[in-house]
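Quick look at entry-v2.pdb (PDB, C-alpha atoms, pLDDT in the B column):
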ATOM      1  CA  MET A   4     159.171  60.308  80.553  1.00 72.00           C
ATOM      2  CA  ALA A   5     160.630  58.654  83.624  1.00 72.00           C
ATOM      3  CA  ILE A   6     163.917  57.006  82.697  1.00 75.00           C
ATOM      4  CA  LYS A   7     165.350  56.090  86.091  1.00 78.00           C
ATOM      5  CA  ALA A   8     164.077  55.654  89.639  1.00 78.00           C
ATOM      6  CA  GLU A   9     166.266  55.271  92.733  1.00 78.00           C
ATOM      7  CA  TRP A  10     165.296  54.481  96.296  1.00 77.00           C
ATOM      8  CA  GLN A  11     166.795  57.118  98.569  1.00 76.00           C
ATOM      9  CA  ARG A  12     165.630  56.301 102.092  1.00 80.00           C
ATOM     10  CA  ASP A  13     162.630  55.649 104.308  1.00 78.00           C
ATOM     11  CA  SER A  14     160.590  58.768 104.906  1.00 75.00           C
ATOM     12  CA  ASN A  15     161.235  60.447 108.252  1.00 77.00           C
ATOM     13  CA  SER A  16     157.939  62.322 108.420  1.00 78.00           C
ATOM     14  CA  ALA A  17     155.583  59.589 107.154  1.00 75.00           C
ATOM     15  CA  PRO A  18     156.141  56.062 108.458  1.00 80.00           C
ATOM     16  CA  GLY A  19     155.604  53.393 105.832  1.00 84.00           C
ATOM     17  CA  PHE A  20     156.570  55.668 102.958  1.00 87.00           C
ATOM     18  CA  ASN A  21     159.840  55.769 101.044  1.00 86.00           C
ATOM     19  CA  LYS A  22     161.620  58.593  99.287  1.00 88.00           C
ATOM     20  CA  TYR A  23     162.642  58.041  95.680  1.00 89.00           C
ATOM     21  CA  PHE A  24     164.468  60.167  93.150  1.00 89.00           C
ATOM     22  CA  ILE A  25     162.905  59.910  89.704  1.00 88.00           C
ATOM     23  CA  THR A  26     164.958  61.034  86.711  1.00 88.00           C
ATOM     24  CA  ILE A  27     162.662  62.526  84.075  1.00 85.00           C
ATOM     25  CA  ARG A  28     163.615  63.298  80.494  1.00 86.00           C
ATOM     26  CA  GLU A  29     161.740  66.367  79.309  1.00 83.00           C
ATOM     27  CA  ILE A  30     160.539  66.900  75.744  1.00 83.00           C
ATOM     28  CA  ASP A  31     163.549  69.087  74.953  1.00 87.00           C
ATOM     29  CA  GLY A  32     165.919  66.302  76.064  1.00 82.00           C
ATOM     30  CA  THR A  33     166.984  67.725  79.430  1.00 88.00           C
ATOM     31  CA  GLU A  34     167.008  65.411  82.423  1.00 84.00           C
ATOM     32  CA  VAL A  35     165.638  66.472  85.792  1.00 84.00           C
ATOM     33  CA  LYS A  36     165.780  64.618  89.121  1.00 90.00           C
ATOM     34  CA  VAL A  37     162.537  64.925  91.081  1.00 87.00           C
ATOM     35  CA  PRO A  38     161.840  63.602  94.583  1.00 87.00           C
ATOM     36  CA  ALA A  39     158.758  61.403  94.946  1.00 87.00           C
ATOM     37  CA  TYR A  40     157.227  59.701  97.972  1.00 86.00           C
ATOM     38  CA  GLY A  41     155.206  56.508  98.082  1.00 88.00           C
ATOM     39  CA  ARG A  42     154.717  53.147  99.753  1.00 89.00           C
ATOM     40  CA  ASP A  43     156.624  51.572  96.870  1.00 87.00           C
ATOM     41  CA  MET A  44     158.135  52.784  93.612  1.00 85.00           C
ATOM     42  CA  GLN A  45     154.933  52.320  91.631  1.00 87.00           C
ATOM     43  CA  ASP A  46     152.994  54.368  94.180  1.00 88.00           C
ATOM     44  CA  ALA A  47     155.617  57.123  94.041  1.00 86.00           C
ATOM     45  CA  LEU A  48     155.450  57.212  90.236  1.00 87.00           C
ATOM     46  CA  SER A  49     151.651  57.362  90.222  1.00 89.00           C
ATOM     47  CA  ARG A  50     151.699  60.230  92.731  1.00 88.00           C
ATOM     48  CA  LEU A  51     154.205  62.073  90.552  1.00 87.00           C
ATOM     49  CA  VAL A  52     152.000  61.585  87.470  1.00 88.00           C
ATOM     50  CA  LYS A  53     148.947  62.901  89.360  1.00 89.00           C
ATOM     51  CA  THR A  54     150.906  65.982  90.407  1.00 87.00           C
ATOM     52  CA  GLU A  55     152.018  66.627  86.811  1.00 85.00           C
ATOM     53  CA  ARG A  56     148.442  66.306  85.539  1.00 87.00           C
ATOM     54  CA  ALA A  57     147.170  68.724  88.177  1.00 83.00           C
ATOM     55  CA  GLU A  58     149.841  71.267  87.231  1.00 84.00           C
ATOM     56  CA  LYS A  59     148.907  71.039  83.544  1.00 85.00           C
ATOM     57  CA  LEU A  60     145.218  71.454  84.371  1.00 82.00           C
ATOM     58  CA  THR A  61     146.039  74.521  86.455  1.00 80.00           C
ATOM     59  CA  GLU A  62     148.046  76.015  83.584  1.00 83.00           C
ATOM     60  CA  VAL A  63     145.131  75.521  81.190  1.00 82.00           C
ATOM     61  CA  SER A  64     142.564  76.966  83.599  1.00 77.00           C
ATOM     62  CA  GLU A  65     144.747  80.037  84.228  1.00 79.00           C
ATOM     63  CA  LYS A  66     144.595  80.928  80.526  1.00 83.00           C
ATOM     64  CA  ILE A  67     140.795  81.254  80.584  1.00 78.00           C
ATOM     65  CA  PRO A  68     139.671  84.846  81.301  1.00 82.00           C
ATOM     66  CA  ASP A  69     137.351  85.606  84.221  1.00 77.00           C
ATOM     67  CA  TYR A  70     134.461  86.761  82.046  1.00 81.00           C
ATOM     68  CA  VAL A  71     134.315  83.322  80.385  1.00 81.00           C
ATOM     69  CA  TYR A  72     133.710  81.723  83.786  1.00 75.00           C
ATOM     70  CA  VAL A  73     130.980  84.243  84.555  1.00 78.00           C
ATOM     71  CA  LEU A  74     129.275  83.684  81.185  1.00 80.00           C
ATOM     72  CA  LEU A  75     129.470  79.902  81.531  1.00 78.00           C
ATOM     73  CA  PHE A  76     128.122  80.109  85.083  1.00 77.00           C
ATOM     74  CA  LEU A  77     125.153  82.248  84.077  1.00 76.00           C
ATOM     75  CA  GLY A  78     124.530  80.185  80.949  1.00 77.00           C
ATOM     76  CA  THR A  79     124.562  76.936  82.893  1.00 73.00           C
ATOM     77  CA  LEU A  80     122.147  78.382  85.447  1.00 71.00           C
ATOM     78  CA  GLY A  81     119.788  79.590  82.739  1.00 72.00           C
ATOM     79  CA  ILE A  82     119.858  76.455  80.617  1.00 70.00           C
ATOM     80  CA  GLY A  83     119.544  74.131  83.615  1.00 65.00           C
ATOM     81  CA  ALA A  84     116.615  76.079  85.048  1.00 64.00           C
ATOM     82  CA  THR A  85     114.852  76.280  81.682  1.00 66.00           C
ATOM     83  CA  LEU A  86     115.237  72.600  80.853  1.00 64.00           C
ATOM     84  CA  SER A  87     114.257  71.367  84.302  1.00 60.00           C
ATOM     85  CA  THR A  88     111.070  73.448  84.411  1.00 62.00           C
ATOM     86  CA  ALA A  89     110.074  73.014  80.751  1.00 64.00           C
ATOM     87  CA  ASN A  90     110.438  69.233  80.694  1.00 64.00           C
ATOM     88  CA  ASP A  91     109.540  68.610  84.331  1.00 68.00           C
ATOM     89  CA  ASP A  92     112.494  66.244  84.589  1.00 67.00           C
ATOM     90  CA  PRO A  93     114.798  66.524  87.628  1.00 69.00           C
ATOM     91  CA  MET A  94     117.657  64.913  85.677  1.00 73.00           C
ATOM     92  CA  TYR A  95     118.255  68.169  83.805  1.00 71.00           C
ATOM     93  CA  PHE A  96     118.582  69.963  87.115  1.00 71.00           C
ATOM     94  CA  ALA A  97     121.060  67.336  88.365  1.00 75.00           C
ATOM     95  CA  VAL A  98     123.197  67.618  85.218  1.00 75.00           C
ATOM     96  CA  GLY A  99     123.140  71.413  85.528  1.00 74.00           C
ATOM     97  CA  ALA A 100     124.171  71.211  89.187  1.00 77.00           C
ATOM     98  CA  VAL A 101     127.086  68.910  88.352  1.00 81.00           C
ATOM     99  CA  ALA A 102     128.159  71.268  85.552  1.00 80.00           C
ATOM    100  CA  LEU A 103     128.101  74.195  87.986  1.00 79.00           C
ATOM    101  CA  VAL A 104     130.197  72.292  90.515  1.00 83.00           C
ATOM    102  CA  VAL A 105     132.768  71.421  87.832  1.00 81.00           C
ATOM    103  CA  LEU A 106     132.839  75.012  86.601  1.00 79.00           C
ATOM    104  CA  ILE A 107     133.323  76.387  90.109  1.00 80.00           C
ATOM    105  CA  GLY A 108     136.013  73.759  90.735  1.00 80.00           C
ATOM    106  CA  PHE A 109     137.952  74.874  87.664  1.00 77.00           C
ATOM    107  CA  TYR A 110     137.701  78.490  88.759  1.00 77.00           C
ATOM    108  CA  LEU A 111     138.854  77.697  92.300  1.00 79.00           C
ATOM    109  CA  LEU A 112     141.723  75.590  90.939  1.00 73.00           C
ATOM    110  CA  ARG A 113     142.732  78.598  88.872  1.00 71.00           C
ATOM    111  CA  THR A 114     142.701  81.028  91.779  1.00 68.00           C
ATOM    112  CA  LYS A 115     144.420  78.646  94.238  1.00 64.00           C
ATOM    113  CA  LYS A 116     147.956  79.891  94.861  1.00 55.00           C
TER     114      LYS A 116
END
structure tokens encoding of this file:
Amino acid sequence: MAIKAEWQRDSNSAPGFNKYFITIREIDGTEVKVPAYGRDMQDALSRLVKTERAEKLTEVSEKIPDYVYVLLFLGTLGIGATLSTANDDPMYFAVGAVALVVLIGFYLLRTKK
């Protein structure tokens, strides 16, 4: 939870952006000061929230073993191909393709370091 935000200075590397220090109270009660950049304070806070969400998603995806990704990949291929040919409806193929892209995205997010 953000409890305090302070403007520090204009950003040197990105014109039009400002540097803020956001004080965050963690669940255990400790307070941490984190730098955040944005056009205004609201923009800086939203960027900080997006970064936190991405880190949590990465932590979750790292816990999933590799063989689960392989099984889901093969299962999605098989189910998508079966449904699209059996029902002669291209929508099943499109949903399967989107599922594959999401699955590959999660795997790449996991391996990105």
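Picked out by the PyMOL selection byres ((chain A and resi 111) around 12) when it runs on this file: Leu60, Thr61, Ser64, Glu65, Asp69, Tyr72, Val104, Val105, Leu106, Ile107, Gly108, Phe109, Tyr110, Leu112, Arg113, Thr114, Lys115 and Lys116 of chain A.
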Which residues match the PyMOL selection byres ((chain A and resi 44-57) around 9) in the file above, as a compact mmCIF listing (two decimals) with C-alpha atoms, in the coordinates of the input?
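The resulting file, out_4.txt, is shown below:
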# COMPACT_ATOMS: atom_id res chain seq x y z
CA ALA A 5 160.63 58.65 83.62
CA ALA A 8 164.08 55.65 89.64
CA GLU A 9 166.27 55.27 92.73
CA TRP A 10 165.30 54.48 96.30
CA ASN A 21 159.84 55.77 101.04
CA LYS A 22 161.62 58.59 99.29
CA TYR A 23 162.64 58.04 95.68
CA ILE A 25 162.90 59.91 89.70
CA VAL A 37 162.54 64.92 91.08
CA PRO A 38 161.84 63.60 94.58
CA ALA A 39 158.76 61.40 94.95
CA TYR A 40 157.23 59.70 97.97
CA GLY A 41 155.21 56.51 98.08
CA ARG A 42 154.72 53.15 99.75
CA ASP A 43 156.62 51.57 96.87
CA GLU A 58 149.84 71.27 87.23
CA LYS A 59 148.91 71.04 83.54
CA LEU A 60 145.22 71.45 84.37
CA THR A 61 146.04 74.52 86.46
CA GLU A 62 148.05 76.02 83.58
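Taking atom CA of Val73 of chain A and atom CA of Leu103 of chain A as endpoints, the distance between them is 11.0 Å.
The space separating atom CA of Met4 of chain A from atom CA of Phe24 of chain A comes to 13.7 Å.
The spacing separating atom CA of Gly99 of chain A from atom CA of Gly81 of chain A amounts to 9.3 Å.
For the structure shown here, the set of residues caught by the PyMOL selection byres ((chain A and resi 6) around 6) is Ala5, Lys7, Thr26 and Ile27 of chain A.
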Missing atoms in segment 23-34 of chain A should be modelled up to all heavy atoms and reported as a compact mmCIF listing (two decimals), keeping the file's coordinate frame.
# COMPACT_ATOMS: atom_id res chain seq x y z
N TYR A 23 161.99 58.46 96.91
CA TYR A 23 162.64 58.04 95.68
C TYR A 23 163.07 59.29 94.91
O TYR A 23 162.48 60.35 95.05
CB TYR A 23 161.69 57.23 94.80
CG TYR A 23 161.22 55.95 95.43
CD1 TYR A 23 160.05 55.90 96.17
CD2 TYR A 23 161.96 54.79 95.29
CE1 TYR A 23 159.62 54.73 96.76
CE2 TYR A 23 161.53 53.60 95.87
CZ TYR A 23 160.37 53.59 96.60
OH TYR A 23 159.95 52.42 97.19
N PHE A 24 164.10 59.13 94.11
CA PHE A 24 164.47 60.17 93.15
C PHE A 24 164.18 59.62 91.77
O PHE A 24 164.71 58.58 91.37
CB PHE A 24 165.94 60.57 93.27
CG PHE A 24 166.18 61.56 94.36
CD1 PHE A 24 166.92 61.21 95.47
CD2 PHE A 24 165.68 62.84 94.26
CE1 PHE A 24 167.15 62.13 96.48
CE2 PHE A 24 165.91 63.77 95.27
CZ PHE A 24 166.64 63.41 96.38
N ILE A 25 163.31 60.31 91.04
CA ILE A 25 162.90 59.91 89.70
C ILE A 25 163.61 60.83 88.71
O ILE A 25 163.51 62.05 88.82
CB ILE A 25 161.38 60.03 89.52
CG1 ILE A 25 160.62 59.39 90.67
CG2 ILE A 25 160.96 59.47 88.17
CD1 ILE A 25 160.76 57.92 90.82
N THR A 26 164.32 60.25 87.77
CA THR A 26 164.96 61.03 86.71
C THR A 26 163.99 61.09 85.54
O THR A 26 163.57 60.05 85.02
CB THR A 26 166.29 60.40 86.26
OG1 THR A 26 167.13 60.24 87.42
CG2 THR A 26 166.99 61.28 85.25
N ILE A 27 163.64 62.31 85.14
CA ILE A 27 162.66 62.53 84.08
C ILE A 27 163.36 63.18 82.90
O ILE A 27 164.10 64.15 83.07
CB ILE A 27 161.51 63.43 84.57
CG1 ILE A 27 160.80 62.75 85.73
CG2 ILE A 27 160.55 63.75 83.44
CD1 ILE A 27 159.75 63.61 86.37
N ARG A 28 163.11 62.66 81.71
CA ARG A 28 163.62 63.30 80.49
C ARG A 28 162.48 64.14 79.92
O ARG A 28 161.43 63.64 79.57
CB ARG A 28 164.08 62.26 79.48
CG ARG A 28 164.64 62.93 78.21
CD ARG A 28 165.24 61.95 77.23
NE ARG A 28 166.42 61.35 77.86
CZ ARG A 28 166.75 60.08 77.72
NH1 ARG A 28 166.00 59.27 77.00
NH2 ARG A 28 167.83 59.60 78.30
N GLU A 29 162.73 65.44 79.84
CA GLU A 29 161.74 66.37 79.31
C GLU A 29 161.67 66.26 77.79
O GLU A 29 162.50 65.60 77.17
CB GLU A 29 162.09 67.80 79.72
CG GLU A 29 162.18 68.03 81.21
CD GLU A 29 160.82 68.03 81.90
OE1 GLU A 29 159.80 68.15 81.21
OE2 GLU A 29 160.81 67.91 83.13
N ILE A 30 160.72 66.94 77.20
CA ILE A 30 160.54 66.90 75.74
C ILE A 30 161.76 67.46 75.01
O ILE A 30 162.15 66.96 73.96
CB ILE A 30 159.26 67.68 75.34
CG1 ILE A 30 158.04 66.97 75.92
CG2 ILE A 30 159.14 67.80 73.84
CD1 ILE A 30 156.76 67.72 75.75
N ASP A 31 162.38 68.48 75.60
CA ASP A 31 163.55 69.09 74.95
C ASP A 31 164.83 68.29 75.17
O ASP A 31 165.89 68.67 74.69
CB ASP A 31 163.74 70.53 75.43
CG ASP A 31 163.98 70.62 76.93
OD1 ASP A 31 163.98 69.58 77.60
OD2 ASP A 31 164.15 71.75 77.41
N GLY A 32 164.77 67.17 75.88
CA GLY A 32 165.92 66.30 76.06
C GLY A 32 166.66 66.49 77.38
O GLY A 32 167.56 65.71 77.69
N THR A 33 166.31 67.51 78.15
CA THR A 33 166.98 67.72 79.43
C THR A 33 166.49 66.70 80.45
O THR A 33 165.36 66.22 80.38
CB THR A 33 166.71 69.14 79.97
OG1 THR A 33 165.30 69.31 80.12
CG2 THR A 33 167.25 70.20 79.03
N GLU A 34 167.36 66.37 81.38
CA GLU A 34 167.01 65.41 82.42
C GLU A 34 166.94 66.12 83.77
O GLU A 34 167.82 66.90 84.11
CB GLU A 34 168.02 64.28 82.47
CG GLU A 34 167.98 63.41 81.24
CD GLU A 34 168.94 62.24 81.31
OE1 GLU A 34 169.62 62.07 82.34
OE2 GLU A 34 169.01 61.49 80.33
